[in-house]
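Visitor: Below is the file query.txt, which contains compact mmCIF, C-alpha atoms and all ligand atoms.
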# COMPACT_ATOMS: atom_id res chain seq x y z
CA MET A 1 0.00 0.00 0.00
CA ALA A 2 1.76 3.11 -1.25
CA GLY A 3 2.68 5.40 1.64
CA VAL A 4 0.40 3.99 4.37
CA ASP A 5 0.89 1.02 6.67
CA GLU A 6 -1.87 -1.34 7.83
CA PHE A 7 -2.53 0.50 11.07
CA ALA A 8 -2.54 3.98 9.56
CA LEU A 9 -4.92 2.64 6.94
CA ILE A 10 -7.36 1.30 9.53
CA ARG A 11 -7.24 4.66 11.33
CA MET A 12 -7.88 6.49 8.10
CA LEU A 13 -10.79 4.32 7.05
CA ASN A 14 -12.71 4.33 10.28
CA GLN A 15 -14.81 7.36 11.05
CA SER A 16 -14.88 6.68 14.77
CA GLY A 17 -11.08 6.56 15.18
CA MET A 18 -9.18 3.80 16.99
CA LYS A 19 -9.95 4.29 20.66
CA GLY A 20 -12.31 1.40 21.30
CA VAL A 21 -14.70 3.85 22.93
CA PRO A 22 -18.50 3.61 23.28
CA GLY A 23 -20.47 4.53 20.19
CA PRO A 24 -23.10 7.28 20.02
CA ALA A 25 -26.19 6.99 22.23
CA GLY A 26 -28.61 4.41 20.89
CA SER A 27 -25.95 2.59 18.85
CA GLY A 28 -25.61 -0.18 21.48
CA VAL A 29 -21.80 -0.02 21.15
CA SER A 30 -20.02 -0.41 24.51
CA VAL A 31 -16.61 -0.90 22.86
CA GLY A 32 -16.20 0.04 19.19
CA ILE A 33 -13.33 -0.10 16.71
CA GLY A 34 -9.87 -0.17 18.29
CA ASP A 35 -9.78 -3.06 20.73
CA ASP A 36 -9.51 -6.81 20.06
CA ALA A 37 -13.27 -7.10 19.57
CA ALA A 38 -16.36 -4.96 19.77
CA VAL A 39 -18.73 -5.19 22.74
CA LEU A 40 -22.39 -4.69 21.83
CA ARG A 41 -25.67 -4.39 23.73
CA SER A 42 -28.78 -5.88 22.16
CA ALA A 43 -32.26 -4.71 23.09
CA GLY A 44 -34.35 -6.83 25.49
CA GLY A 45 -36.89 -9.16 23.90
CA THR A 46 -34.93 -9.48 20.68
CA GLU A 47 -32.87 -12.16 18.99
CA LEU A 48 -29.70 -11.43 17.04
CA VAL A 49 -29.86 -12.07 13.28
CA VAL A 50 -26.41 -12.52 11.73
CA SER A 51 -25.19 -12.97 8.17
CA CYS A 52 -22.20 -12.27 5.92
CA ASP A 53 -21.61 -11.95 2.20
CA THR A 54 -18.43 -11.52 0.17
CA MET A 55 -17.61 -9.57 -2.99
CA VAL A 56 -14.59 -10.71 -4.99
CA GLU A 57 -12.86 -8.79 -7.78
CA SER A 58 -13.50 -10.32 -11.24
CA VAL A 59 -16.41 -12.37 -9.81
CA HIS A 60 -18.68 -9.64 -8.38
CA PHE A 61 -17.09 -6.56 -9.94
CA LYS A 62 -14.56 -5.35 -12.48
CA PRO A 63 -13.18 -1.87 -13.20
CA GLU A 64 -15.69 -1.64 -16.08
CA THR A 65 -18.71 -2.31 -13.89
CA MET A 66 -18.18 -0.52 -10.56
CA THR A 67 -16.36 2.44 -9.00
CA TYR A 68 -14.75 1.81 -5.62
CA ARG A 69 -17.57 3.73 -3.93
CA ASP A 70 -20.07 1.44 -5.67
CA ILE A 71 -18.20 -1.65 -4.46
CA GLY A 72 -18.44 -0.41 -0.88
CA TYR A 73 -22.10 0.55 -1.17
CA LYS A 74 -23.09 -2.74 -2.79
CA ALA A 75 -21.04 -4.89 -0.38
CA MET A 76 -22.95 -3.33 2.53
CA ALA A 77 -26.30 -3.37 0.68
CA SER A 78 -26.09 -7.03 -0.34
CA SER A 79 -25.28 -8.08 3.22
CA LEU A 80 -28.03 -5.90 4.72
CA SER A 81 -30.43 -7.40 2.17
CA ASP A 82 -30.19 -10.73 4.03
CA LEU A 83 -31.32 -8.94 7.22
CA ALA A 84 -34.26 -7.47 5.27
CA ALA A 85 -35.08 -11.01 4.12
CA MET A 86 -35.35 -12.07 7.78
CA GLY A 87 -37.47 -9.08 8.79
CA ALA A 88 -34.63 -7.86 11.00
CA LYS A 89 -33.53 -4.34 11.94
CA PRO A 90 -29.87 -3.63 11.06
CA ARG A 91 -27.69 -2.70 14.07
CA TRP A 92 -24.00 -3.44 13.46
CA ALA A 93 -21.57 -4.41 10.70
CA LEU A 94 -17.99 -5.69 10.41
CA VAL A 95 -15.89 -5.23 7.27
CA ALA A 96 -13.13 -7.67 6.27
CA LEU A 97 -10.91 -6.37 3.52
CA ALA A 98 -8.22 -8.24 1.54
CA SER A 99 -6.53 -5.70 -0.72
CA SER A 100 -3.77 -6.02 -3.31
CA ARG A 101 -0.71 -4.03 -2.24
CA GLY A 102 -0.96 -1.79 -5.29
CA LEU A 103 -4.36 -0.37 -4.39
CA SER A 104 -4.02 3.23 -3.17
CA ALA A 105 -5.31 4.46 0.17
CA ALA A 106 -7.42 6.97 -1.79
CA ARG A 107 -9.27 4.16 -3.61
CA LEU A 108 -9.86 2.35 -0.32
CA GLY A 109 -11.14 5.65 1.09
CA GLU A 110 -13.71 5.73 -1.72
CA LEU A 111 -14.68 2.14 -0.94
CA TYR A 112 -15.27 3.17 2.68
CA ASP A 113 -17.33 6.21 1.61
CA GLY A 114 -19.68 3.73 -0.07
CA LEU A 115 -19.71 1.35 2.90
CA TYR A 116 -20.53 4.19 5.32
CA ALA A 117 -23.12 5.77 3.02
CA CYS A 118 -25.10 2.54 2.90
CA ALA A 119 -24.56 1.62 6.57
CA ASN A 120 -25.62 5.10 7.74
CA ARG A 121 -28.66 5.07 5.47
CA TYR A 122 -29.97 1.84 6.98
CA GLY A 123 -28.96 2.35 10.61
CA ALA A 124 -25.98 -0.03 10.88
CA THR A 125 -22.88 1.01 12.86
CA ILE A 126 -19.55 -0.36 11.61
CA VAL A 127 -17.96 -1.78 14.76
CA GLY A 128 -14.90 -3.59 13.43
CA GLY A 129 -13.41 -5.70 10.72
CA ASP A 130 -10.09 -7.01 9.45
CA THR A 131 -7.48 -5.77 6.98
CA THR A 132 -5.04 -7.99 5.09
CA SER A 133 -3.06 -7.93 1.87
CA SER A 134 -4.16 -10.09 -1.04
CA PRO A 135 -1.92 -11.60 -3.72
CA GLY A 136 -4.85 -11.39 -6.14
CA GLY A 137 -7.62 -8.83 -6.41
CA LEU A 138 -9.74 -7.08 -3.82
CA THR A 139 -12.12 -9.02 -1.58
CA VAL A 140 -14.66 -7.38 0.74
CA THR A 141 -16.69 -9.37 3.27
CA VAL A 142 -19.38 -7.59 5.26
CA THR A 143 -20.84 -9.27 8.33
CA VAL A 144 -24.09 -7.74 9.53
CA ILE A 145 -25.87 -8.12 12.83
CA GLY A 146 -29.51 -7.18 13.26
CA GLU A 147 -32.32 -7.69 15.72
CA ALA A 148 -35.79 -9.20 15.46
CA ALA A 149 -38.42 -9.71 18.16
CA VAL A 150 -38.00 -13.17 19.72
CA GLY A 151 -39.51 -15.84 17.44
CA ARG A 152 -40.48 -13.31 14.74
CA ALA A 153 -37.65 -13.66 12.18
CA LEU A 154 -39.12 -14.56 8.77
CA LEU A 155 -37.96 -17.85 7.28
CA ARG A 156 -37.83 -19.43 3.82
CA SER A 157 -39.74 -22.41 5.14
CA SER A 158 -43.13 -20.81 5.95
CA ALA A 159 -44.92 -20.79 2.56
CA LYS A 160 -48.36 -22.47 2.71
CA PRO A 161 -50.72 -23.65 -0.04
CA GLY A 162 -53.09 -20.82 -0.97
CA ASP A 163 -50.57 -18.04 -0.21
CA ALA A 164 -49.92 -15.33 -2.78
CA VAL A 165 -46.28 -14.87 -3.87
CA PHE A 166 -45.07 -11.26 -4.05
CA VAL A 167 -41.95 -9.27 -4.95
CA THR A 168 -41.07 -5.80 -3.65
CA GLY A 169 -39.80 -4.23 -6.89
CA PRO A 170 -38.84 -4.56 -10.54
CA LEU A 171 -36.53 -7.41 -11.50
CA GLY A 172 -33.84 -7.93 -14.12
CA ALA A 173 -32.49 -4.36 -14.23
CA SER A 174 -29.25 -5.20 -12.43
CA ALA A 175 -28.40 -7.96 -14.93
CA ALA A 176 -29.15 -5.61 -17.84
CA GLY A 177 -26.98 -2.87 -16.28
CA LEU A 178 -24.15 -5.39 -15.89
CA ARG A 179 -24.39 -6.40 -19.54
CA TYR A 180 -24.39 -2.80 -20.70
CA LEU A 181 -21.35 -1.86 -18.59
CA LEU A 182 -19.35 -4.94 -19.64
CA ALA A 183 -20.13 -4.23 -23.31
CA GLN A 184 -18.79 -0.66 -22.98
CA GLY A 185 -15.44 -2.12 -21.93
CA GLU A 186 -14.24 1.13 -20.30
CA ALA A 187 -13.69 2.10 -16.66
CA ALA A 188 -17.14 2.52 -15.09
CA PRO A 189 -18.30 6.12 -15.61
CA LEU A 190 -20.18 7.96 -12.85
CA LEU A 191 -23.91 7.24 -12.99
CA GLU A 192 -24.58 10.88 -13.90
CA ALA A 193 -22.50 10.50 -17.06
CA LEU A 194 -24.58 7.60 -18.40
CA PRO A 195 -27.45 8.02 -20.90
CA ASP A 196 -30.87 8.53 -19.24
CA ALA A 197 -32.14 5.24 -20.72
CA ILE A 198 -29.29 3.29 -19.08
CA ARG A 199 -28.83 5.05 -15.72
CA PRO A 200 -31.60 3.14 -13.84
CA LEU A 201 -30.14 -0.17 -15.05
CA ALA A 202 -26.59 0.75 -14.04
CA ARG A 203 -27.84 2.12 -10.70
CA ALA A 204 -29.70 -1.13 -9.99
CA HIS A 205 -26.45 -3.01 -10.58
CA ARG A 206 -24.06 -0.66 -8.81
CA MET A 207 -26.11 0.77 -5.92
CA PRO A 208 -28.91 -1.65 -5.06
CA GLU A 209 -31.07 -0.65 -2.08
CA PRO A 210 -31.73 -3.38 0.50
CA ARG A 211 -35.48 -3.50 1.22
CA ILE A 212 -35.05 -2.93 4.95
CA VAL A 213 -38.30 -1.03 5.52
CA ALA A 214 -40.33 -3.63 3.62
CA GLY A 215 -38.66 -6.43 5.63
CA LEU A 216 -39.43 -4.67 8.92
CA LEU A 217 -43.07 -4.09 7.94
CA LEU A 218 -43.40 -7.77 7.05
CA GLY A 219 -41.71 -8.81 10.31
CA GLU A 220 -43.90 -6.51 12.41
CA ALA A 221 -47.21 -7.35 10.69
CA ARG A 222 -49.65 -9.56 12.60
CA THR A 223 -48.36 -13.09 13.16
CA GLY A 224 -48.91 -15.28 10.12
CA LEU A 225 -49.71 -12.49 7.63
CA CYS A 226 -46.32 -12.86 5.93
CA GLY A 227 -45.31 -16.45 5.27
CA ALA A 228 -41.89 -17.08 3.77
CA LEU A 229 -39.35 -14.43 2.81
CA ASN A 230 -36.10 -14.45 0.81
CA ASP A 231 -34.01 -11.84 -0.98
CA ILE A 232 -33.14 -12.03 -4.66
CA SER A 233 -29.38 -12.34 -5.06
CA ASP A 234 -29.22 -15.22 -7.54
CA GLY A 235 -32.40 -14.54 -9.58
CA LEU A 236 -36.13 -14.98 -8.91
CA ALA A 237 -36.13 -18.60 -10.13
CA SER A 238 -33.40 -19.68 -7.74
CA GLU A 239 -34.91 -17.83 -4.75
CA ALA A 240 -38.43 -19.14 -5.45
CA TRP A 241 -36.99 -22.67 -5.61
CA GLU A 242 -35.31 -22.07 -2.24
CA ILE A 243 -38.67 -21.11 -0.71
CA ALA A 244 -40.44 -24.04 -2.40
CA GLU A 245 -37.88 -26.58 -1.18
CA ALA A 246 -37.58 -25.14 2.34
CA SER A 247 -41.42 -25.05 2.64
CA ASP A 248 -42.02 -28.34 0.81
CA ALA A 249 -44.45 -26.39 -1.35
CA HIS A 250 -45.23 -25.87 -5.01
CA ILE A 251 -44.98 -22.31 -6.34
CA ARG A 252 -46.56 -21.11 -9.57
CA LEU A 253 -45.08 -17.90 -11.03
CA PHE A 254 -46.83 -15.74 -13.65
CA GLY A 255 -44.40 -14.13 -16.11
CA HIS A 256 -46.72 -11.30 -17.12
CA CYS A 257 -47.06 -10.19 -13.46
CA ILE A 258 -43.31 -9.74 -12.85
CA PRO A 259 -42.62 -5.99 -12.63
CA GLN A 260 -39.91 -4.69 -14.96
CA LEU A 261 -38.60 -1.18 -15.66
CA ASP A 262 -39.52 0.38 -19.01
CA GLU A 263 -35.80 1.06 -19.47
CA LEU A 264 -35.15 -2.68 -19.11
CA ARG A 265 -37.79 -3.57 -21.70
CA ALA A 266 -36.33 -1.00 -24.12
CA TYR A 267 -32.74 -2.19 -23.56
CA ALA A 268 -33.77 -5.83 -23.97
CA ALA A 269 -35.67 -5.07 -27.19
CA GLU A 270 -32.64 -3.24 -28.58
CA THR A 271 -30.16 -5.99 -27.70
CA GLY A 272 -32.30 -9.05 -28.37
CA LEU A 273 -32.37 -10.15 -24.70
CA ASP A 274 -35.46 -11.64 -23.05
CA PRO A 275 -36.31 -9.34 -20.12
CA LEU A 276 -38.02 -12.21 -18.28
CA ASP A 277 -34.85 -14.29 -18.55
CA LEU A 278 -32.96 -11.48 -16.85
CA ALA A 279 -35.58 -11.34 -14.07
CA LEU A 280 -35.64 -15.10 -13.54
CA TYR A 281 -31.95 -15.90 -13.83
CA GLY A 282 -29.93 -12.63 -13.78
CA GLY A 283 -29.76 -11.98 -10.03
CA GLU A 284 -28.41 -9.14 -7.85
CA ASP A 285 -31.79 -7.36 -7.74
CA TYR A 286 -31.87 -7.43 -3.92
CA GLU A 287 -35.65 -7.10 -3.94
CA LEU A 288 -37.57 -9.41 -1.59
CA VAL A 289 -39.69 -12.36 -2.69
CA GLY A 290 -42.15 -13.71 -0.18
CA THR A 291 -45.55 -15.17 0.47
CA VAL A 292 -48.59 -13.56 2.08
CA ARG A 293 -51.84 -15.22 3.14
CA ALA A 294 -54.23 -14.84 0.20
CA ASP A 295 -56.85 -13.15 2.39
CA GLY A 296 -54.19 -10.74 3.68
CA VAL A 297 -53.07 -9.19 0.37
CA ASP A 298 -55.25 -6.08 0.83
CA GLU A 299 -54.21 -5.69 4.46
CA LEU A 300 -50.53 -5.88 3.48
CA SER A 301 -51.08 -3.45 0.58
CA GLY A 302 -52.49 -0.97 3.12
CA ILE A 303 -49.52 -1.43 5.45
CA PHE A 304 -47.07 -0.91 2.57
CA ALA A 305 -49.00 2.08 1.16
CA GLN A 306 -48.81 3.86 4.53
CA ALA A 307 -45.03 3.63 4.28
CA GLY A 308 -45.07 4.81 0.63
CA LEU A 309 -44.22 1.30 -0.60
CA ARG A 310 -45.94 -1.32 -2.70
CA PHE A 311 -45.50 -4.92 -3.78
CA TRP A 312 -46.49 -6.98 -6.81
CA VAL A 313 -48.24 -10.35 -6.66
CA VAL A 314 -46.33 -12.57 -9.10
CA GLY A 315 -47.63 -16.02 -8.25
CA GLU A 316 -49.25 -18.37 -5.80
CA VAL A 317 -48.48 -21.38 -3.69
CA ALA A 318 -50.42 -24.23 -5.31
CA GLU A 319 -52.56 -26.72 -3.43
CA ALA A 320 -50.83 -29.60 -5.25
CA SER A 321 -47.97 -30.04 -7.68
CA PRO A 322 -48.69 -31.17 -11.22
CA TYR A 323 -45.34 -33.00 -11.12
CA GLY A 324 -45.87 -35.37 -8.20
CA SER A 325 -43.11 -34.10 -5.95
CA PRO A 326 -44.58 -31.24 -3.87
CA ALA A 327 -41.55 -28.98 -3.90
CA GLY A 328 -40.90 -27.01 -7.06
CA VAL A 329 -41.68 -23.97 -9.19
CA THR A 330 -43.74 -23.80 -12.36
CA PHE A 331 -43.82 -20.81 -14.67
CA ILE A 332 -46.68 -19.52 -16.81
CA ARG A 333 -45.46 -16.89 -19.28
CA GLU A 334 -48.81 -15.43 -20.47
CA PRO A 335 -52.37 -15.64 -19.10
CA GLY A 336 -53.84 -18.95 -20.27
CA GLY A 337 -50.36 -20.20 -21.23
CA GLU A 338 -48.96 -23.67 -20.60
CA PRO A 339 -47.26 -24.10 -17.22
CA VAL A 340 -43.67 -25.33 -17.52
CA LEU A 341 -41.37 -26.54 -14.76
CA LEU A 342 -39.07 -23.57 -14.13
CA GLY A 343 -35.36 -24.39 -14.41
CA LYS A 344 -33.73 -24.42 -10.98
CA LYS A 345 -30.97 -22.18 -12.21
CA GLY A 346 -29.62 -18.73 -11.52
CA TYR A 347 -26.22 -17.45 -10.50
CA ASN A 348 -24.20 -20.38 -9.16
CA HIS A 349 -20.55 -19.88 -8.22
CA PHE A 350 -19.57 -23.45 -9.02
CA ALA A 351 -21.94 -24.53 -11.81
N1 LIG A 401 -18.96 -21.38 3.99
C1 LIG A 401 -20.05 -21.46 4.75
N2 LIG A 401 -19.99 -22.00 5.99
C2 LIG A 401 -21.11 -22.10 6.75
N3 LIG A 401 -22.32 -21.70 6.36
C3 LIG A 401 -22.42 -21.15 5.14
C4 LIG A 401 -21.31 -21.02 4.27
N4 LIG A 401 -21.73 -20.45 3.12
C5 LIG A 401 -23.05 -20.24 3.27
N5 LIG A 401 -23.46 -20.66 4.48
C6 LIG A 401 -24.84 -20.62 5.01
O1 LIG A 401 -25.72 -21.21 4.05
C7 LIG A 401 -26.99 -20.54 4.03
C8 LIG A 401 -27.29 -20.05 2.62
O2 LIG A 401 -26.27 -19.15 2.25
P1 LIG A 401 -26.29 -18.38 0.88
O3 LIG A 401 -25.01 -17.60 0.82
O4 LIG A 401 -26.62 -19.32 -0.21
O5 LIG A 401 -27.55 -17.43 1.06
P2 LIG A 401 -27.63 -15.93 0.68
O6 LIG A 401 -26.55 -15.16 1.36
O7 LIG A 401 -29.02 -15.53 0.92
O8 LIG A 401 -27.36 -15.97 -0.88
P3 LIG A 401 -26.24 -15.19 -1.69
O9 LIG A 401 -24.91 -15.48 -1.02
O10 LIG A 401 -26.35 -15.73 -3.04
O11 LIG A 401 -26.59 -13.73 -1.56
C9 LIG A 401 -26.88 -19.42 5.05
O12 LIG A 401 -27.41 -19.91 6.26
C10 LIG A 401 -25.37 -19.22 5.19
O13 LIG A 401 -25.01 -18.68 6.45
C1 LIG A 402 -17.97 -8.72 -13.40
C2 LIG A 402 -19.23 -9.42 -13.00
N1 LIG A 402 -19.59 -10.57 -13.64
C3 LIG A 402 -20.74 -11.21 -13.26
C4 LIG A 402 -21.53 -10.70 -12.26
C5 LIG A 402 -22.82 -11.40 -11.88
N2 LIG A 402 -22.82 -12.00 -10.56
C6 LIG A 402 -21.74 -12.20 -9.81
S1 LIG A 402 -22.10 -12.89 -8.33
C7 LIG A 402 -23.76 -12.92 -8.68
C8 LIG A 402 -24.78 -13.47 -7.71
C9 LIG A 402 -24.79 -12.78 -6.38
O1 LIG A 402 -23.59 -13.02 -5.66
P1 LIG A 402 -23.53 -14.00 -4.41
O2 LIG A 402 -24.23 -15.27 -4.77
O3 LIG A 402 -22.07 -14.24 -4.12
O4 LIG A 402 -24.22 -13.28 -3.29
C10 LIG A 402 -23.99 -12.42 -9.95
C11 LIG A 402 -25.31 -12.32 -10.61
C12 LIG A 402 -21.10 -9.51 -11.63
N3 LIG A 402 -21.78 -8.92 -10.63
N4 LIG A 402 -19.95 -8.89 -12.05
MG MG A 403 -24.57 -15.55 1.04
MG MG A 404 -30.23 -14.06 0.81
MG MG A 405 -25.43 -16.53 -4.49
Could you express the structure from this file as structure tokens?
Guide:
Amino acid sequence: MAGVDEFALIRMLNQSGMKGVPGPAGSGVSVGIGDDAAVLRSAGGTELVVSCDTMVESVHFKPETMTYRDIGYKAMASSLSDLAAMGAKPRWALVALASSRGLSAARLGELYDGLYACANRYGATIVGGDTTSSPGGLTVTVTVIGEAAVGRALLRSSAKPGDAVFVTGPLGASAAGLRYLLAQGEAAPLLEALPDAIRPLARAHRMPEPRIVAGLLLGEARTGLCGALNDISDGLASEAWEIAEASDAHIRLFGHCIPQLDELRAYAAETGLDPLDLALYGGEDYELVGTVRADGVDELSGIFAQAGLRFWVVGEVAEASPYGSPAGVTFIREPGGEPVLLGKKGYNHFA
């Protein structure tokens, strides 16, 4: 690292300094960054909800697709998205960084700007991490810790026959943004410099927003209103299969109900891509997919509307599978169309 050693770097990157002191009131931090570990206070009546996700250079990002600020923002957002998918409230985060020696402190500063922007936006305090050198590219792992009322975390395994299946936002835009940016083959320009028709696609890829408020509303709604919940990192097909298998249920998805941005439809038409393919198999949308009791759809719409949010019903949990085995996902492209067994595919690191 040109001009800065490991310890100076940690000091530079961390807003709270290196004193291991308590965090601001309400942050629950008894000992923050600067000691051997953080010491945290959780609220009474809650359970801790913990998850981590990793972003690896060349796998999750390239210079053509993301700025360093984007990498930081998305690393935090994709980890927080798993808390949203549990209906949990974000509290704390830890950041593990493996950086090639050639990467400047300024670039890592940009990465941290993105990490802090996202963490601050969703109420997570960064309380520690780890910093190492890497012989290859950059790797960022964000561990997040949230809270949910005891017994109220939302699971993949709670879908029931008769439930409606919903998503919290348009799908496929991130995959389209990725394709556009890779095809340009230049260092990722700032979002503002991109054509209007492309900016929402690139933003969806580079700065996804974890659906924290939606997850909290679902977690706090009356018991049983929300069934299963998952977030969409690997594509709707893969996440719906995860719910179906965990719940031992059969899900039917309706292609024409899947929300998609106009900009995605236009980009797909221009490039010969199938926008539904991008929604089903592209991934990195970080919207939520879940199930709601069929007689609770209006109630949930009201709860969402009060928070300025909405959701889209994209399917149902069937009473019985047409394929014998109960767990699975079928897909109907158009109203009245033939149901087909949906491929259990999406982004898979080792396929
Ligand atoms: N190397 C590992 N060791 C132990 N548990 C793991 C490991 N990798 C994943 N898991 C666990 O497996 C489960 C599924 O993890 P997975 O990463 O597939 O889910 P996800 O984070 O929602 O998806 P994605 O990583 O695609 O965003 C989680 O409970 C996770 O903690
Ligand atoms: C340069 C580049 N090539 C391909 C992709 C696509 N991609 C990578 S990981 C992933 C799934 C989510 O990750 P994980 O399962 O690890 O949470 C997807 C869709 C990308 N983002 N950048
Ligand atoms: Mg994961
Ligand atoms: Mg997930
Ligand atoms: Mg994955």
Visitor: Restricting the calculation to all atoms listed in the file, which member of A:Ser104, A:Ser42, A:Ser301, A:Thr125 is positioned closest to Met76 of chain A?
Guide: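 Going through A:Ser104, A:Ser42, A:Ser301, A:Thr125 one by one, the smallest distance to Met76 of chain A is for A:Thr125.
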Visitor: As a PyMOL selection string, please: every protein or nucleic acid residue near ligand MG 405 (chain A) (cut-off 9 Å, counting all atoms listed in the file).
Guide: chain A and resi 53+232-235+283-284+346-349
Visitor: Which of these, A:Ala202, A:Ile71, A:Ala159, A:Val21, has the shortest distance to Gly172 of chain A once you count only C-alpha atoms?
Guide: A:Ala202
Visitor: Counting all atoms listed in the file, give me one row per residue of chain A with an atom at most 9 Å from an atom of ligand MG 403 (chain A), showing the shortest contact pair and its distance in Å to one decimal, sorted by chain then residue number, as JSON lines.
Guide:
{"residue": "A:Ser51", "atom": "CA", "partner": "A:MG403", "partner_atom": "MG", "distance": 7.6}
{"residue": "A:Cys52", "atom": "CA", "partner": "A:MG403", "partner_atom": "MG", "distance": 6.3}
{"residue": "A:Asp53", "atom": "CA", "partner": "A:MG403", "partner_atom": "MG", "distance": 4.8}
{"residue": "A:Thr54", "atom": "CA", "partner": "A:MG403", "partner_atom": "MG", "distance": 7.4}
{"residue": "A:Ser78", "atom": "CA", "partner": "A:MG403", "partner_atom": "MG", "distance": 8.8}
{"residue": "A:Ser79", "atom": "CA", "partner": "A:MG403", "partner_atom": "MG", "distance": 7.8}
{"residue": "A:Asp82", "atom": "CA", "partner": "A:MG403", "partner_atom": "MG", "distance": 8.0}
{"residue": "A:Ser233", "atom": "CA", "partner": "A:MG403", "partner_atom": "MG", "distance": 8.4}
Visitor: Here's a test: counting all atoms listed in the file, identify every protein, DNA and RNA residue with an atom at most 8 Å from (-41.4, -0.8, -5.8) in the file's coordinate frame, and state them as a list of chain:residue names.
Guide: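 Every residue inside that radius is included here: A:Thr168, A:Gly169, A:Pro170, A:Leu309, A:Arg310, A:Phe311.
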Visitor: Using only C-alpha atoms for the distances, tell me which of A:Val167, A:Val142, A:Ala93, A:Ile126 is nearest to Glu287 of chain A.
Guide: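 Checking each candidate against Glu287 of chain A, we get A:Val167 as the closest.
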Visitor: Please indicate the distance in Å from atom CA of Thr143 of chain A to atom CA of Asp248 of chain A, rounded to one decimal place.
Guide: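 Between atom CA of Thr143 of chain A and atom CA of Asp248 of chain A the gap is 29.5 Å.
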Visitor: Given all atoms listed in the file as the basis, pick out the residue of A:Phe350, A:Phe61, A:Phe331, A:Tyr281 nearest to Gly137 of chain A.
Guide: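 Residue with the minimum atom-to-atom distance to Gly137 of chain A: A:Phe61.
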Visitor: Hey, what's within 10 Å of Val56 of chain A if we count only C-alpha atoms and toss same-chain stuff fewer than 3 positions away? As a PyMOL selection string, please?
Guide: chain A and resi 59-62+71+75+98+136-141
Visitor: Report as a list in words all protein, DNA and RNA residues lying within 10 Å of Glu192 of chain A, evaluated on all atoms listed in the file, omitting residues in the same chain fewer than 4 positions from it.
Guide: Asp196, Arg199 and Arg203 of chain A
Visitor: From the list A:Val213, A:Ile303, A:Ile198, A:Leu229, which residue is nearest Arg121 of chain A when using all atoms listed in the file?
Guide: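 Closest to Arg121 of chain A of all the choices is A:Val213.
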